[in-house]
Amino acid sequence: MSEKKLPKVKVRDPYSGKEIELEPIKVWTLAPKTRKGVKIGLFKSPETGKFFRAKVPDDYPAP
């Protein structure tokens with residue numbers, strides 16, 4: 001079972017306050033019924049090990 005590697009995204013880690021490049025664990029679209037919506041990624045902080053969500057670019061590949 002080969003899983004595709006997602007490209008890295010520059011995000012701000014809310015726990016350390018630093019801008020870092022991370023690969024999201026999961027990406028999904030969050031959209032209300034009548035609007036376009038945004039893409040959200042799930043990330044893991046390398047310093048604390050805590051998970052956080054952040055917006056990824058609209059052209060980012062997502063299922």
# chains A, B, ... in the order shown; residues from 1 in each chain; ligands from 1
>>> residues_around(residues="Lys39 in chain A", least_positions_apart="4", cutoff="9 Å", atoms="only C-alpha atoms", output="list in words")
Val27, Trp28, Thr29, Leu30, Ala31, Ala54, Lys55, Val56, Pro57, Asp58, Asp59, Tyr60 and Ala62 of chain A
>>> closest_residue(among="A:Thr34, A:Gly49, A:Pro61, A:Lys18", to="Lys5 in chain A", atoms="only C-alpha atoms")
A:Pro61
>>> select_by_dssp(residues="chain A", states="strand (DSSP E)", output="MDAnalysis selection string")
chainID A and resid 9:12 19:22 26:30 38:44 51:56
>>> atom_distance(atom1="CA of Leu6 in chain A", atom2="CA of Pro24 in chain A")
6.9 Å
>>> atom_distance(atom1="CA of Glu21 in chain A", atom2="CA of Val38 in chain A")
19.4 Å
>>> residues_around(residues="Lys10 in chain A", least_positions_apart="4", cutoff="7 Å", atoms="only C-alpha atoms", output="PDB file with C-alpha atoms, in the first residue's frame")
ATOM      1  CA  GLU A  19       6.930  29.689  10.656  1.00  0.00           C
ATOM      2  CA  ILE A  20       7.929  26.203   9.485  1.00  0.00           C
ATOM      3  CA  GLU A  21       7.482  24.016   6.422  1.00  0.00           C
ATOM      4  CA  LEU A  22       5.545  20.861   7.198  1.00  0.00           C
TER       5      LEU A  22
END
>>> residues_around(residues="Ser45 in chain A", least_positions_apart="4", cutoff="9 Å", atoms="only C-alpha atoms", output="PDB file with N, CA and C atoms, in the first residue's frame")
ATOM      1  N   ASP A  13       3.302  27.535  13.351  1.00  0.00           N
ATOM      2  CA  ASP A  13       3.028  26.610  14.452  1.00  0.00           C
ATOM      3  C   ASP A  13       2.458  27.407  15.622  1.00  0.00           C
ATOM      4  N   PRO A  14       1.206  27.153  16.021  1.00  0.00           N
ATOM      5  CA  PRO A  14       0.617  27.940  17.105  1.00  0.00           C
ATOM      6  C   PRO A  14       1.240  27.670  18.478  1.00  0.00           C
ATOM      7  N   TYR A  15       1.918  26.560  18.644  1.00  0.00           N
ATOM      8  CA  TYR A  15       2.496  26.224  19.942  1.00  0.00           C
ATOM      9  C   TYR A  15       3.878  26.850  20.136  1.00  0.00           C
ATOM     10  N   SER A  16       4.680  26.891  19.073  1.00  0.00           N
ATOM     11  CA  SER A  16       6.009  27.492  19.203  1.00  0.00           C
ATOM     12  C   SER A  16       6.048  28.907  18.643  1.00  0.00           C
ATOM     13  N   LEU A  22       5.947  22.193   6.781  1.00  0.00           N
ATOM     14  CA  LEU A  22       5.545  20.861   7.198  1.00  0.00           C
ATOM     15  C   LEU A  22       4.730  20.191   6.113  1.00  0.00           C
ATOM     16  N   GLY A  49       4.804  17.998  19.525  1.00  0.00           N
ATOM     17  CA  GLY A  49       4.093  16.758  19.197  1.00  0.00           C
ATOM     18  C   GLY A  49       2.583  16.917  19.181  1.00  0.00           C
ATOM     19  N   LYS A  50       2.095  18.144  19.384  1.00  0.00           N
ATOM     20  CA  LYS A  50       0.651  18.384  19.380  1.00  0.00           C
ATOM     21  C   LYS A  50       0.170  18.615  17.949  1.00  0.00           C
ATOM     22  N   PHE A  51      -1.086  18.245  17.695  1.00  0.00           N
ATOM     23  CA  PHE A  51      -1.678  18.415  16.385  1.00  0.00           C
ATOM     24  C   PHE A  51      -2.372  19.763  16.285  1.00  0.00           C
ATOM     25  N   PHE A  52      -2.369  20.331  15.068  1.00  0.00           N
ATOM     26  CA  PHE A  52      -3.095  21.576  14.824  1.00  0.00           C
ATOM     27  C   PHE A  52      -3.558  21.598  13.381  1.00  0.00           C
TER      28      PHE A  52
END
